[in-house]
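J.: Have a look at this one before I ask anything.
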Amino acid sequence: MSGKIAPIEKIAPTEVAIHDLLSSRWSPRAVSNEAVSREQLHSVLEAARWAPSSFNMQPWRFMTFDRNRDAAVFQKAFATLVPFNQGWNANVPVLICALAKTVTPKGDVNRTAAYDTGAAAMSLVLQAHALGLVSHQMTGFDINAFREAFSVPDDVEVIAMISLGHYCDPGTLDAALQERESAPRTRAALGDIAFDGAWGKAFK
Ligand SMILES: Cc1cc2nc3c(=O)[nH]c(=O)nc-3n(C[C@H](O)[C@H](O)[C@H](O)COP(=O)(O)O)c2cc1C
């Protein structure tokens with residue numbers, strides 16, 4: 001299976017113009033078995049590294065699993081995905097787990113650890129998109145199994161798994177997933193999520 005095709009265009013139907021990198025990003029499931037180069041992987045991790053964080057504490061951690069580097073370790077991470085996610089990730093070359101260190105160097109709870117880690121993950125995802133790769137974040141995996149399999153310390157929260165690879169023919173997906181793959185991207189209206197000076201007062 002070759003990954004040398006561009007993803008379907010699913011430009012967000014935004015209310016006002018936003019940057020192309022943001023409006024054209026989406027979360028594909030048709031991913032080929034083509035390898036992600038070390039340079040590409042380095043690049044997306046570097047983008048995550050430069051995310052902002054509270055007090056510049058950089059609570060994010062990323063564990064990478066490259067099928068073409070260590071198939072056995074990759075398989076250990078892959079095995080924690082729920083069956084649905086295993087199905088469409090059957091060929092994916094790279095999984096990345098995003099984790100957050102929840103305790104500050106002083107020993108206090110870092111209230112924004114998950115927030116900061118999400119920001120770093122978004123940087124990673126946008127860099128992947130800028131490189132012409134596809135990425136897809138996932139909550140559908142067994143966090144306890146992952147924690148145990150990779151001896152994650154107690155003060156680190158396992159947040160999300162991200163698959164990374166190259167787009168392929170969506171015809172390789174089953175019928176239900178093909179439909180989801182081509183479905184338009186949707187969001188709540190801006191007024192439902194952005195308030196103008198008072199709770200619930202829609203921003204216009
Ligand atoms: C934290 C997080 C967890 C997600 N978990 C899954 C998942 O387990 N499986 C899946 O197929 N998609 C998952 N998604 C993808 C979302 O369903 C997707 O981002 C959302 O529907 C919006 O689509 P878009 O990214 O194409 O705009 C997840 C996304 C995020 C950010």
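Each chain in the structure tokens gets a letter, A, B and so on, in the order shown; residues start at 1 in every chain, and ligands are counted from 1 in the order they appear.
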Can you tell me which residues come within 9 Å of ligand 1 when counting only C-alpha atoms and all ligand atoms, ideally as number ranges by chain?

T.: A: 10, 12, 23-29, 81-82, 84-85, 88, 118, 121-122, 136-141, 159-162, 181, 184-187

J.: Can you pull out the residues contacting Asp116 (chain A)? Cut-off 12 Å, using only C-alpha atoms, and skip same-chain residues under 5 positions away; I want them as a short mmCIF file (atom, residue, chain, number, x, y, z; two decimals) with C-alpha atoms, in the first residue's frame.

T.:
data_model
loop_
_atom_site.label_atom_id
_atom_site.label_comp_id
_atom_site.auth_asym_id
_atom_site.auth_seq_id
_atom_site.Cartn_x
_atom_site.Cartn_y
_atom_site.Cartn_z
CA ALA A 48 5.75 20.18 20.68
CA ARG A 49 8.86 21.18 22.64
CA TRP A 50 8.33 24.85 21.81
CA ALA A 51 4.75 25.04 23.08
CA PRO A 52 3.96 27.55 25.83
CA SER A 53 3.32 26.34 29.38
CA SER A 54 2.52 27.70 32.81
CA PHE A 55 5.74 29.02 34.40
CA ASN A 56 7.50 27.38 31.42
CA MET A 57 7.33 24.11 33.39
CA GLN A 58 6.91 22.04 30.21
CA PRO A 59 4.99 19.22 31.91
CA TRP A 60 4.48 17.28 28.66
CA ARG A 61 6.26 14.05 27.90
CA ALA A 98 1.26 12.22 25.27
CA LEU A 99 1.75 12.23 29.02
CA ALA A 100 1.77 15.01 31.62
CA LYS A 101 3.89 15.38 34.71
CA THR A 102 1.27 16.52 37.23
CA ASN A 110 0.46 21.43 38.49
CA ARG A 111 -3.10 22.53 37.74
CA ALA A 121 0.08 18.03 21.28
CA MET A 122 -1.68 20.56 19.04
CA SER A 123 1.70 21.99 18.01
CA ILE A 159 -3.30 11.68 28.39
#

J.: Go through A:Thr104, A:Gln75, A:Thr64, A:Thr117 one by one, measure the shortest atom-to-atom distance of each to Asn91 (chain A) using only C-alpha atoms, and give the residue with the smallest value.

T.: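 Checking each of A:Thr104, A:Gln75, A:Thr64, A:Thr117 against Asn91 (chain A), counting only C-alpha atoms, the winner is A:Gln75.
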
J.: Choose the residue, out of A:Val152, A:Ile143, A:Val73, A:Ala30, that has the smallest atom-to-atom separation from Asn89 (chain A); count only C-alpha atoms.

T.: A:Ala30

J.: Write out as a ChimeraX atom specification the set of residues from region 21-167 of chain A that DSSP, computed on the backbone, places in strand (DSSP E).

T.: /A:60-66,94-101,134-138,156-165

J.: With only C-alpha atoms as the counted atoms, please give the residues lying no more than 8 Å from Lys76 (chain A), apart from itself and same-chain residues fewer than 4 positions off, as a ChimeraX atom specification.

T.: /A:72,80,149

J.: Restricting the output to C-alpha atoms, write the selected residues as a PDB file, in the first residue's frame.

T.:
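Generated output (result-v6.pdb):
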ATOM      1  CA  ALA A  72       7.962  -5.475  19.468  1.00  0.00           C
ATOM      2  CA  THR A  80      -3.388  -0.990  24.452  1.00  0.00           C
ATOM      3  CA  ALA A 149       3.385  -1.905  30.184  1.00  0.00           C
TER       4      ALA A 149
END

J.: Find the spatial neighbours of Arg69 (chain A), counting only C-alpha atoms, within a cut-off of 10 Å - ignore same-chain residues fewer than 6 positions away - and output them as a PyMOL selection string.

T.: chain A and resi 35+38+93-94

J.: For the selection just defined, write its residues with N, CA and C atoms to a file, as a PDB file, in the first residue's frame.

T.:
ATOM      1  N   ALA A  35       6.751   4.375   6.077  1.00  0.00           N
ATOM      2  CA  ALA A  35       7.453   4.817   7.286  1.00  0.00           C
ATOM      3  C   ALA A  35       7.446   6.333   7.409  1.00  0.00           C
ATOM      4  N   ARG A  38      12.895   9.520  10.553  1.00  0.00           N
ATOM      5  CA  ARG A  38      13.367   9.997  11.864  1.00  0.00           C
ATOM      6  C   ARG A  38      13.337  11.526  11.891  1.00  0.00           C
ATOM      7  N   PRO A  93       2.492   3.589  10.984  1.00  0.00           N
ATOM      8  CA  PRO A  93       3.898   3.326  11.325  1.00  0.00           C
ATOM      9  C   PRO A  93       4.336   3.858  12.692  1.00  0.00           C
ATOM     10  N   VAL A  94       3.654   4.913  13.182  1.00  0.00           N
ATOM     11  CA  VAL A  94       4.131   5.536  14.432  1.00  0.00           C
ATOM     12  C   VAL A  94       2.957   5.835  15.360  1.00  0.00           C
TER      13      VAL A  94
END

J.: Could you please determine the separation between CA of Ser135 (chain A) and CA of Asp154 (chain A) in Å, to one decimal place?

T.: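 Atom-to-atom, CA of Ser135 (chain A) and CA of Asp154 (chain A) are spaced 27.8 Å apart.
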
J.: Please, which residues of chain A, numbered as in this document, come out alpha helix (DSSP H) from DSSP, as a PDB file with C-alpha atoms, in the first residue's frame?

T.:
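Saved result, states.pdb, follows:
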ATOM      1  CA  ASP A  20      -4.993  27.643   6.168  1.00  0.00           C
ATOM      2  CA  LEU A  21      -2.932  25.383   8.412  1.00  0.00           C
ATOM      3  CA  LEU A  22      -5.783  25.416  10.938  1.00  0.00           C
ATOM      4  CA  SER A  23      -8.725  25.255   8.541  1.00  0.00           C
ATOM      5  CA  ARG A  38      13.367   9.997  11.864  1.00  0.00           C
ATOM      6  CA  GLU A  39      13.694  13.582  10.634  1.00  0.00           C
ATOM      7  CA  GLN A  40       9.922  13.970  10.361  1.00  0.00           C
ATOM      8  CA  LEU A  41       9.414  12.471  13.808  1.00  0.00           C
ATOM      9  CA  HIS A  42      12.101  14.755  15.223  1.00  0.00           C
ATOM     10  CA  SER A  43      10.373  17.731  13.599  1.00  0.00           C
ATOM     11  CA  VAL A  44       6.939  17.079  15.136  1.00  0.00           C
ATOM     12  CA  LEU A  45       8.468  16.493  18.582  1.00  0.00           C
ATOM     13  CA  GLU A  46      10.485  19.694  18.232  1.00  0.00           C
ATOM     14  CA  ALA A  47       7.263  21.597  17.479  1.00  0.00           C
ATOM     15  CA  ALA A  48       5.753  20.176  20.682  1.00  0.00           C
ATOM     16  CA  ARG A  49       8.856  21.179  22.641  1.00  0.00           C
ATOM     17  CA  ALA A  71       8.282  -3.714  16.093  1.00  0.00           C
ATOM     18  CA  ALA A  72       7.962  -5.475  19.468  1.00  0.00           C
ATOM     19  CA  VAL A  73       7.800  -2.243  21.478  1.00  0.00           C
ATOM     20  CA  PHE A  74       5.407  -0.760  18.905  1.00  0.00           C
ATOM     21  CA  GLN A  75       3.184  -3.812  19.316  1.00  0.00           C
ATOM     22  CA  LYS A  76       3.150  -3.363  23.097  1.00  0.00           C
ATOM     23  CA  ALA A  77       1.752   0.172  22.678  1.00  0.00           C
ATOM     24  CA  PHE A  78      -0.583  -0.842  19.824  1.00  0.00           C
ATOM     25  CA  PRO A  83     -10.379  -2.660  19.053  1.00  0.00           C
ATOM     26  CA  PHE A  84     -12.000   0.176  17.060  1.00  0.00           C
ATOM     27  CA  ASN A  85      -8.766   2.164  17.042  1.00  0.00           C
ATOM     28  CA  GLN A  86      -6.670  -0.955  16.362  1.00  0.00           C
ATOM     29  CA  GLY A  87      -8.803  -1.569  13.279  1.00  0.00           C
ATOM     30  CA  TRP A  88      -8.065   1.630  11.403  1.00  0.00           C
ATOM     31  CA  ALA A 113      -0.350  20.112  33.260  1.00  0.00           C
ATOM     32  CA  ALA A 114      -3.050  18.629  31.014  1.00  0.00           C
ATOM     33  CA  TYR A 115      -3.793  22.025  29.436  1.00  0.00           C
ATOM     34  CA  ASP A 116      -0.113  22.591  28.602  1.00  0.00           C
ATOM     35  CA  THR A 117       0.251  19.052  27.272  1.00  0.00           C
ATOM     36  CA  GLY A 118      -2.765  19.603  25.015  1.00  0.00           C
ATOM     37  CA  ALA A 119      -1.123  22.752  23.665  1.00  0.00           C
ATOM     38  CA  ALA A 120       2.073  20.823  22.933  1.00  0.00           C
ATOM     39  CA  ALA A 121       0.077  18.033  21.278  1.00  0.00           C
ATOM     40  CA  MET A 122      -1.676  20.558  19.042  1.00  0.00           C
ATOM     41  CA  SER A 123       1.703  21.993  18.007  1.00  0.00           C
ATOM     42  CA  LEU A 124       2.811  18.454  17.160  1.00  0.00           C
ATOM     43  CA  VAL A 125      -0.346  17.802  15.137  1.00  0.00           C
ATOM     44  CA  LEU A 126      -0.060  21.090  13.216  1.00  0.00           C
ATOM     45  CA  GLN A 127       3.606  20.475  12.440  1.00  0.00           C
ATOM     46  CA  ALA A 128       2.679  17.021  11.144  1.00  0.00           C
ATOM     47  CA  HIS A 129       0.039  18.618   8.928  1.00  0.00           C
ATOM     48  CA  ALA A 130       2.547  21.225   7.691  1.00  0.00           C
ATOM     49  CA  ILE A 143      -4.520   3.826  30.120  1.00  0.00           C
ATOM     50  CA  ASN A 144      -3.855   1.430  33.006  1.00  0.00           C
ATOM     51  CA  ALA A 145      -2.500  -1.211  30.658  1.00  0.00           C
ATOM     52  CA  PHE A 146      -0.259   1.415  29.055  1.00  0.00           C
ATOM     53  CA  ARG A 147       0.904   2.657  32.455  1.00  0.00           C
ATOM     54  CA  GLU A 148       1.798  -0.865  33.486  1.00  0.00           C
ATOM     55  CA  ALA A 149       3.385  -1.905  30.184  1.00  0.00           C
ATOM     56  CA  ALA A 175     -17.878   1.265   4.477  1.00  0.00           C
ATOM     57  CA  ALA A 176     -18.822   2.965   7.770  1.00  0.00           C
ATOM     58  CA  LEU A 177     -15.375   4.501   8.183  1.00  0.00           C
ATOM     59  CA  GLN A 178     -15.290   5.569   4.531  1.00  0.00           C
ATOM     60  CA  GLU A 179     -18.451   7.534   5.184  1.00  0.00           C
ATOM     61  CA  ARG A 180     -16.931   9.186   8.266  1.00  0.00           C
ATOM     62  CA  GLU A 181     -13.738   9.887   6.332  1.00  0.00           C
ATOM     63  CA  SER A 182     -15.565  11.988   3.760  1.00  0.00           C
ATOM     64  CA  LEU A 190     -19.145  30.215  17.956  1.00  0.00           C
ATOM     65  CA  GLY A 191     -21.819  31.806  20.160  1.00  0.00           C
ATOM     66  CA  ASP A 192     -22.214  28.495  22.031  1.00  0.00           C
ATOM     67  CA  ILE A 193     -18.546  28.369  23.048  1.00  0.00           C
TER      68      ILE A 193
END

J.: Using only C-alpha atoms, pick whichever of A:Val134, A:Val158, A:Leu164, A:Val103 has the shortest atom-to-atom distance to Phe65 (chain A).

T.: A:Leu164

J.: Could you check how far CA of Phe62 (chain A) sits from CA of Leu95 (chain A), in Å to one decimal?

T.: 10.0 Å
